[in-house]
$ cat upload38.cif   # mmCIF, C-alpha atoms
data_data
loop_
_atom_site.label_atom_id
_atom_site.label_comp_id
_atom_site.auth_asym_id
_atom_site.auth_seq_id
_atom_site.Cartn_x
_atom_site.Cartn_y
_atom_site.Cartn_z
CA MET E 518 55.73 -10.78 -53.01
CA ASN E 519 58.49 -9.19 -50.97
CA HIS E 520 59.16 -10.81 -47.62
CA PRO E 521 60.10 -8.45 -44.81
CA LYS E 522 63.73 -8.73 -43.85
CA VAL E 523 64.21 -10.41 -40.50
CA ASN E 524 66.22 -8.16 -38.21
CA ILE E 525 68.43 -10.46 -36.14
CA LYS E 526 69.57 -8.71 -32.99
CA TYR E 527 73.05 -9.64 -31.84
CA ILE E 528 73.10 -10.84 -28.24
CA ASN E 529 76.31 -9.81 -26.51
CA HIS E 530 77.75 -12.16 -23.88
CA ASP E 531 80.75 -11.36 -21.73
CA ILE E 532 83.52 -13.95 -21.58
CA THR E 533 83.48 -16.01 -18.36
CA ASP E 534 85.59 -18.86 -16.98
CA ASP E 535 83.13 -21.28 -18.62
CA ASP E 536 84.16 -20.06 -22.08
CA ILE E 537 87.88 -20.68 -21.54
CA LEU E 538 89.16 -23.95 -23.02
CA TYR E 539 92.87 -23.46 -22.28
CA GLU E 540 95.01 -20.77 -20.69
CA ASP E 541 98.62 -20.32 -19.63
CA ASN E 542 101.03 -17.36 -19.52
CA HIS E 543 101.37 -17.32 -23.32
CA LEU E 544 98.08 -18.49 -24.85
CA ILE E 545 94.35 -18.44 -24.24
CA ALA E 546 91.74 -20.48 -26.14
CA VAL E 547 88.05 -19.64 -26.09
CA ASN E 548 84.97 -21.58 -27.15
CA LYS E 549 83.50 -19.00 -29.53
CA ARG E 550 79.75 -18.63 -29.71
CA ALA E 551 78.13 -18.51 -33.13
CA GLY E 552 77.30 -14.85 -33.78
CA ASP E 553 80.43 -13.47 -32.13
CA ILE E 554 82.73 -11.52 -34.43
CA VAL E 555 86.45 -12.12 -33.85
CA GLN E 556 87.62 -8.59 -34.71
CA VAL E 557 85.81 -5.26 -34.99
CA ASP E 558 83.91 -4.69 -38.23
CA ASP E 559 81.45 -2.12 -39.52
CA THR E 560 78.55 -3.55 -37.48
CA GLY E 561 79.93 -1.89 -34.36
CA ASP E 562 79.24 -5.04 -32.33
CA GLU E 563 81.73 -5.78 -29.57
CA SER E 564 84.42 -8.11 -30.87
CA LEU E 565 85.58 -11.33 -29.29
CA ASP E 566 89.16 -10.10 -28.96
CA ASP E 567 87.94 -7.05 -27.02
CA LYS E 568 85.86 -9.28 -24.74
CA VAL E 569 88.83 -11.59 -24.07
CA LYS E 570 91.02 -8.55 -23.31
CA LYS E 571 88.42 -7.39 -20.77
CA TYR E 572 88.30 -10.88 -19.24
CA ILE E 573 92.10 -11.01 -18.82
CA ALA E 574 92.32 -7.44 -17.48
CA LYS E 575 89.65 -8.16 -14.87
CA LYS E 576 90.97 -11.61 -13.89
CA TYR E 577 94.55 -10.44 -13.41
CA ASN E 578 93.75 -6.89 -12.23
CA LYS E 579 95.37 -5.08 -15.16
CA PRO E 580 93.85 -1.58 -15.10
CA ASN E 581 95.82 -0.53 -18.19
CA GLY E 582 94.44 -3.42 -20.22
CA ALA E 583 95.97 -6.64 -21.53
CA PHE E 584 97.93 -7.58 -24.65
CA LEU E 585 96.07 -9.97 -26.94
CA GLY E 586 97.14 -11.11 -30.40
CA VAL E 587 94.68 -12.50 -32.94
CA VAL E 588 96.29 -15.46 -34.73
CA HIS E 589 93.36 -16.89 -36.71
CA ARG E 590 89.66 -16.29 -37.24
CA LEU E 591 86.36 -18.10 -37.41
CA ASP E 592 83.48 -16.80 -39.51
CA ARG E 593 80.84 -15.02 -37.49
CA PRO E 594 78.18 -17.78 -37.73
CA VAL E 595 80.69 -20.53 -36.81
CA SER E 596 81.26 -21.80 -33.26
CA GLY E 597 84.23 -23.51 -31.66
CA VAL E 598 87.83 -23.21 -30.53
CA ILE E 599 89.74 -20.05 -31.29
CA LEU E 600 93.24 -19.33 -30.03
CA PHE E 601 94.75 -15.98 -28.98
CA ALA E 602 98.31 -15.06 -27.97
CA LYS E 603 98.87 -13.32 -24.63
CA THR E 604 102.46 -12.25 -25.42
CA SER E 605 104.14 -10.83 -28.52
CA LYS E 606 106.63 -13.73 -28.48
CA ALA E 607 103.83 -16.31 -28.57
CA LEU E 608 102.02 -14.31 -31.27
CA GLU E 609 105.04 -14.31 -33.55
CA ARG E 610 105.64 -18.04 -33.13
CA ILE E 611 101.98 -19.07 -33.48
CA ASN E 612 101.65 -16.95 -36.63
CA ALA E 613 104.64 -18.80 -38.09
CA MET E 614 103.08 -22.15 -37.12
CA PHE E 615 99.80 -21.31 -38.86
CA LYS E 616 101.72 -20.19 -41.93
CA GLY E 617 103.78 -23.39 -41.84
CA ARG E 618 100.63 -25.51 -41.41
CA GLU E 619 101.79 -26.84 -38.07
CA MET E 620 98.37 -26.30 -36.45
CA HIS E 621 96.02 -29.23 -37.00
CA LYS E 622 92.35 -28.22 -36.99
CA THR E 623 89.29 -30.48 -37.04
CA TYR E 624 85.83 -29.15 -37.82
CA TYR E 625 82.39 -30.76 -37.93
CA ALA E 626 79.61 -29.75 -40.29
CA VAL E 627 75.99 -30.89 -40.39
CA VAL E 628 74.40 -31.15 -43.84
CA ARG E 629 71.14 -32.54 -45.29
CA ASN E 630 72.63 -34.19 -48.38
CA ARG E 631 74.74 -37.33 -48.14
CA PRO E 632 78.23 -36.55 -49.48
CA GLN E 633 79.28 -38.50 -52.56
CA PRO E 634 81.79 -40.01 -52.21
CA PRO E 635 81.44 -40.33 -48.41
CA ALA E 636 85.11 -39.40 -47.92
CA GLY E 637 87.63 -37.56 -50.05
CA ASN E 638 89.95 -34.68 -50.74
CA LEU E 639 88.69 -31.41 -52.24
CA VAL E 640 90.87 -28.92 -54.09
CA HIS E 641 89.46 -25.66 -55.45
CA TRP E 642 90.69 -22.20 -56.34
CA LEU E 643 88.77 -19.56 -54.40
CA VAL E 644 88.05 -15.96 -55.25
CA LYS E 645 86.53 -13.73 -52.57
CA ASN E 646 84.30 -10.78 -53.38
CA PRO E 647 84.96 -8.42 -50.46
CA GLN E 648 82.02 -6.15 -51.34
CA LYS E 649 79.51 -8.99 -51.06
CA ASN E 650 81.58 -10.99 -48.52
CA VAL E 651 81.12 -14.14 -50.56
CA THR E 652 83.65 -16.61 -51.95
CA LYS E 653 83.37 -18.49 -55.26
CA ALA E 654 85.03 -21.84 -55.91
CA HIS E 655 86.65 -22.71 -59.25
CA ASP E 656 87.86 -26.12 -60.42
CA LYS E 657 90.94 -24.58 -62.03
CA GLU E 658 93.23 -21.72 -61.16
CA VAL E 659 91.87 -18.33 -62.26
CA GLN E 660 93.23 -14.82 -61.90
CA GLY E 661 93.31 -13.67 -58.28
CA SER E 662 92.43 -17.09 -56.88
CA GLN E 663 93.86 -18.91 -53.87
CA ARG E 664 94.31 -22.67 -53.74
CA ALA E 665 92.11 -24.34 -51.10
CA GLU E 666 92.37 -27.95 -49.97
CA LEU E 667 90.61 -30.03 -47.34
CA ASN E 668 89.94 -33.65 -46.42
CA TYR E 669 86.47 -34.74 -45.35
CA LYS E 670 84.65 -37.89 -44.28
CA LEU E 671 81.09 -38.78 -43.39
CA VAL E 672 81.02 -39.98 -39.78
CA ALA E 673 77.31 -40.29 -38.89
CA GLU E 674 73.72 -40.01 -40.09
CA LEU E 675 71.00 -38.99 -37.67
CA GLY E 676 67.39 -38.26 -38.50
CA GLY E 677 68.10 -37.17 -42.06
CA TYR E 678 71.13 -35.09 -41.09
CA TYR E 679 74.70 -36.04 -41.97
CA LEU E 680 77.72 -35.24 -39.79
CA ILE E 681 80.91 -34.56 -41.75
CA GLU E 682 84.39 -34.35 -40.23
CA VAL E 683 86.57 -31.81 -42.02
CA ASP E 684 90.34 -31.38 -41.83
CA PRO E 685 91.32 -28.20 -43.68
CA ILE E 686 94.82 -28.25 -45.14
CA THR E 687 94.69 -24.59 -46.11
CA GLY E 688 92.89 -21.76 -44.30
CA ARG E 689 91.00 -19.59 -46.77
CA PRO E 690 88.01 -17.29 -46.14
CA HIS E 691 84.76 -19.30 -46.09
CA GLN E 692 86.72 -22.31 -47.38
CA ILE E 693 84.82 -25.17 -45.71
CA ARG E 694 81.46 -23.54 -46.42
CA VAL E 695 82.01 -23.03 -50.15
CA GLN E 696 83.87 -26.30 -50.74
CA LEU E 697 81.16 -28.44 -49.09
CA SER E 698 78.53 -26.49 -51.02
CA THR E 699 80.40 -27.27 -54.25
CA LEU E 700 80.27 -30.95 -53.23
CA GLY E 701 76.46 -30.62 -53.13
CA CYS E 702 76.37 -30.45 -49.31
CA PRO E 703 75.61 -26.89 -48.16
CA ILE E 704 75.88 -26.57 -44.38
CA VAL E 705 72.61 -26.42 -42.46
CA GLY E 706 71.62 -22.76 -41.97
CA ASP E 707 74.17 -21.41 -44.47
CA ASN E 708 71.92 -19.74 -47.02
CA LYS E 709 74.89 -17.72 -48.30
CA TYR E 710 76.23 -20.95 -49.78
CA GLY E 711 73.14 -22.76 -50.95
CA TYR E 712 71.18 -23.94 -47.92
CA PRO E 713 67.55 -22.94 -48.53
CA ARG E 714 66.98 -21.31 -45.13
CA GLY E 715 69.09 -19.11 -42.91
CA SER E 716 69.25 -19.38 -39.13
CA LEU E 717 67.52 -16.91 -36.84
CA ARG E 718 70.36 -17.49 -34.36
CA LYS E 719 73.01 -16.06 -36.69
CA SER E 720 74.60 -19.50 -36.76
CA ILE E 721 75.40 -22.25 -39.22
CA SER E 722 76.04 -25.89 -38.33
CA LEU E 723 79.83 -25.67 -38.54
CA HIS E 724 81.87 -26.15 -35.37
CA ALA E 725 85.63 -25.88 -34.87
CA ARG E 726 86.00 -28.92 -32.62
CA ARG E 727 89.70 -29.58 -32.12
CA LEU E 728 93.03 -27.75 -32.29
CA GLU E 729 96.29 -29.68 -31.96
CA PHE E 730 99.79 -28.19 -31.97
CA ILE E 731 103.15 -28.07 -30.24
CA HIS E 732 103.25 -25.26 -27.69
CA PRO E 733 105.42 -22.47 -29.16
CA ILE E 734 107.22 -21.78 -25.87
CA LYS E 735 106.93 -24.95 -23.75
CA LYS E 736 107.38 -27.29 -26.76
CA GLU E 737 104.73 -29.64 -25.35
CA PRO E 738 101.89 -31.19 -27.39
CA ILE E 739 98.60 -29.35 -26.80
CA VAL E 740 95.14 -30.65 -27.74
CA ILE E 741 92.15 -28.36 -27.22
CA ILE E 742 88.58 -29.67 -27.59
CA ALA E 743 85.59 -27.32 -27.83
CA PRO E 744 82.24 -28.66 -26.57
CA VAL E 745 79.41 -28.11 -29.04
CA PRO E 746 76.83 -25.35 -28.50
CA LYS E 747 74.04 -26.28 -26.09
CA ASP E 748 71.21 -25.45 -28.46
CA GLY E 749 69.13 -28.63 -28.56
CA PHE E 750 70.57 -29.64 -31.94
CA TRP E 751 74.35 -30.00 -31.72
CA GLU E 752 74.32 -32.09 -28.52
CA ARG E 753 72.91 -35.08 -30.41
CA PHE E 754 76.10 -35.29 -32.46
CA GLU E 755 78.75 -34.68 -29.80
CA GLY E 756 79.33 -38.33 -28.92
CA MET E 757 80.18 -39.05 -32.57
CA MET E 758 83.08 -36.54 -32.66
CA VAL E 759 86.73 -36.77 -31.69
CA GLY E 760 86.93 -36.00 -28.00
CA GLY E 761 83.23 -36.79 -27.65
#

$ encode --input "upload38.cif" --output "structure tokens"
Amino acid sequence: MNHPKVNIKYINHDITDDDILYEDNHLIAVNKRAGDIVQVDDTGDESLDDKVKKYIAKKYNKPNGAFLGVVHRLDRPVSGVILFAKTSKALERINAMFKGREMHKTYYAVVRNRPQPPAGNLVHWLVKNPQKNVTKAHDKEVQGSQRAELNYKLVAELGGYYLIEVDPITGRPHQIRVQLSTLGCPIVGDNKYGYPRGSLRKSISLHARRLEFIHPIKKEPIVIIAPVPKDGFWERFEGMMVGG
């Protein structure tokens, strides 16, 4: 029996002051909604970087538009903190910091299977299939693969759900999703990587919670915390997270 494909309509939200986690003359950080796409793709949906440009142009009365540099990405179904550069100088320096692994990111994932062991380090070699937009994890290096590493730990159990804190050491496409799935812990809602059901909200239970770095211009320590989505599910876990 063929099940009809569920057509999930993308709901477009403009960026408002409530979405801004941090802003100065050089940088702006936004709490990304699950379902937002960071840069334009073939769906034609409005991208987050275009929405942030519109927000800046309106706020600062820039009729010719605003400069905005994309320095990293979050998968479309993932929520949380994402950082943009407002100047070319900041963009260049932040890009170098990401490349040099000077940006410390903390994510939280909700899964249904208890991770074994409850804390550890995962290393895989990932190969992405761009046609299918899916990444496969290998235990050993294979042709065309990229090394992926993360640390994880179980921090809470609530009503049959497990909250895992993840500190990625590398930043590969779909890395946390495929590595946790390989551990036997597919993320809730992520049917691309082994969870039995997808989400009607175009979301998975993966949230980019915290971003810590030294400001590229001011040379001051910056810590940005993204509140969890207000969806009736995530709020139950917020007090168990860093910055909660």

$ closest_residue --input "upload38.cif" --among "E:Arg550, E:Lys657, E:His691, E:Lys736" --to "Ile537 in chain E" --atoms "all atoms listed in the file"
E:Arg550

$ resolve_selection --input "upload38.cif" --expression "the PyMOL selection byres ((chain E and resi 737-748) around 10)" --output "JSON, numbers by chain"
{"E": [536, 537, 538, 539, 546, 547, 548, 549, 550, 551, 596, 597, 598, 599, 600, 621, 622, 623, 625, 718, 722, 723, 724, 725, 726, 727, 728, 729, 730, 731, 732, 733, 734, 735, 736, 749, 750, 751, 752, 753, 754, 755, 758, 759, 760, 761]}

$ closest_residue --input "upload38.cif" --among "E:Gly676, E:Gly561, E:Pro690, E:Pro703" --to "Val651 in chain E" --atoms "all atoms listed in the file"
E:Pro690

$ atom_distance --input "upload38.cif" --atom1 "CA of Ile532 in chain E" --atom2 "CA of Phe601 in chain E"
13.6 Å

$ atom_distance --input "upload38.cif" --atom1 "CA of Asp541 in chain E" --atom2 "CA of Tyr624 in chain E"
23.9 Å

$ closest_residue --input "upload38.cif" --among "E:Lys709, E:Gly552, E:Ala626, E:Glu540" --to "Ile573 in chain E" --atoms "only C-alpha atoms"
E:Glu540

$ decode --input "upload38.cif" --residues "range 622-649 of chain E" --atoms "N, CA and C atoms" --output "CSV table (one decimal), in the first residue's frame"
chain,number,residue,atom,x,y,z
E,622,LYS,N,31.3,25.1,19.9
E,622,LYS,CA,29.9,24.9,19.7
E,622,LYS,C,29.3,23.8,20.6
E,623,THR,N,28.2,24.0,21.2
E,623,THR,CA,27.5,23.0,22.0
E,623,THR,C,26.1,22.8,21.5
E,624,TYR,N,25.8,21.5,21.2
E,624,TYR,CA,24.5,21.2,20.7
E,624,TYR,C,23.8,20.3,21.7
E,625,TYR,N,22.4,20.2,21.6
E,625,TYR,CA,21.7,19.2,22.3
E,625,TYR,C,20.8,18.4,21.4
E,626,ALA,N,20.8,17.1,21.6
E,626,ALA,CA,19.9,16.2,20.8
E,626,ALA,C,19.0,15.4,21.7
E,627,VAL,N,17.8,15.2,21.3
E,627,VAL,CA,16.9,14.3,22.0
E,627,VAL,C,16.7,13.0,21.2
E,628,VAL,N,16.9,11.9,21.9
E,628,VAL,CA,16.9,10.6,21.3
E,628,VAL,C,16.0,9.6,22.1
E,629,ARG,N,15.6,8.5,21.5
E,629,ARG,CA,14.7,7.5,22.3
E,629,ARG,C,15.5,6.4,22.8
E,630,ASN,N,16.7,6.2,22.3
E,630,ASN,CA,17.6,5.1,22.8
E,630,ASN,C,18.7,5.6,23.7
E,631,ARG,N,18.9,4.9,24.8
E,631,ARG,CA,19.9,5.4,25.8
E,631,ARG,C,21.3,5.1,25.1
E,632,PRO,N,22.2,6.1,25.1
E,632,PRO,CA,23.5,5.9,24.4
E,632,PRO,C,24.4,5.0,25.3
E,633,GLN,N,25.0,4.1,24.6
E,633,GLN,CA,26.0,3.2,25.3
E,633,GLN,C,27.3,3.3,24.6
E,634,PRO,N,28.4,3.7,25.3
E,634,PRO,CA,28.4,4.1,26.7
E,634,PRO,C,27.7,5.5,26.8
E,635,PRO,N,27.4,6.0,28.0
E,635,PRO,CA,26.6,7.2,28.2
E,635,PRO,C,27.4,8.5,27.9
E,636,ALA,N,28.7,8.3,27.7
E,636,ALA,CA,29.6,9.4,27.3
E,636,ALA,C,30.7,8.9,26.5
E,637,GLY,N,31.2,9.7,25.5
E,637,GLY,CA,32.4,9.2,24.8
E,637,GLY,C,32.8,10.1,23.6
E,638,ASN,N,33.7,9.6,22.8
E,638,ASN,CA,34.2,10.3,21.7
E,638,ASN,C,34.0,9.5,20.5
E,639,LEU,N,33.4,10.1,19.4
E,639,LEU,CA,33.1,9.3,18.2
E,639,LEU,C,34.0,9.9,17.0
E,640,VAL,N,34.6,8.9,16.3
E,640,VAL,CA,35.3,9.3,15.1
E,640,VAL,C,34.9,8.5,14.0
E,641,HIS,N,34.4,9.1,12.9
E,641,HIS,CA,34.0,8.4,11.7
E,641,HIS,C,34.6,9.1,10.5
E,642,TRP,N,34.5,8.4,9.3
E,642,TRP,CA,34.9,9.1,8.1
E,642,TRP,C,33.6,9.1,7.3
E,643,LEU,N,33.2,10.4,6.9
E,643,LEU,CA,31.9,10.6,6.3
E,643,LEU,C,32.0,10.9,4.8
E,644,VAL,N,31.1,10.3,4.1
E,644,VAL,CA,31.0,10.5,2.6
E,644,VAL,C,29.6,11.0,2.3
E,645,LYS,N,29.5,12.2,1.7
E,645,LYS,CA,28.2,12.8,1.4
E,645,LYS,C,27.8,12.5,0.0
E,646,ASN,N,26.5,12.1,-0.2
E,646,ASN,CA,25.9,11.9,-1.5
E,646,ASN,C,25.1,13.1,-1.8
E,647,PRO,N,25.7,14.0,-2.7
E,647,PRO,CA,25.0,15.3,-2.9
E,647,PRO,C,23.7,15.2,-3.6
E,648,GLN,N,23.5,14.1,-4.4
E,648,GLN,CA,22.3,13.9,-5.2
E,648,GLN,C,21.1,13.6,-4.2
E,649,LYS,N,21.4,12.7,-3.2
E,649,LYS,CA,20.4,12.3,-2.3
E,649,LYS,C,20.4,13.2,-1.0
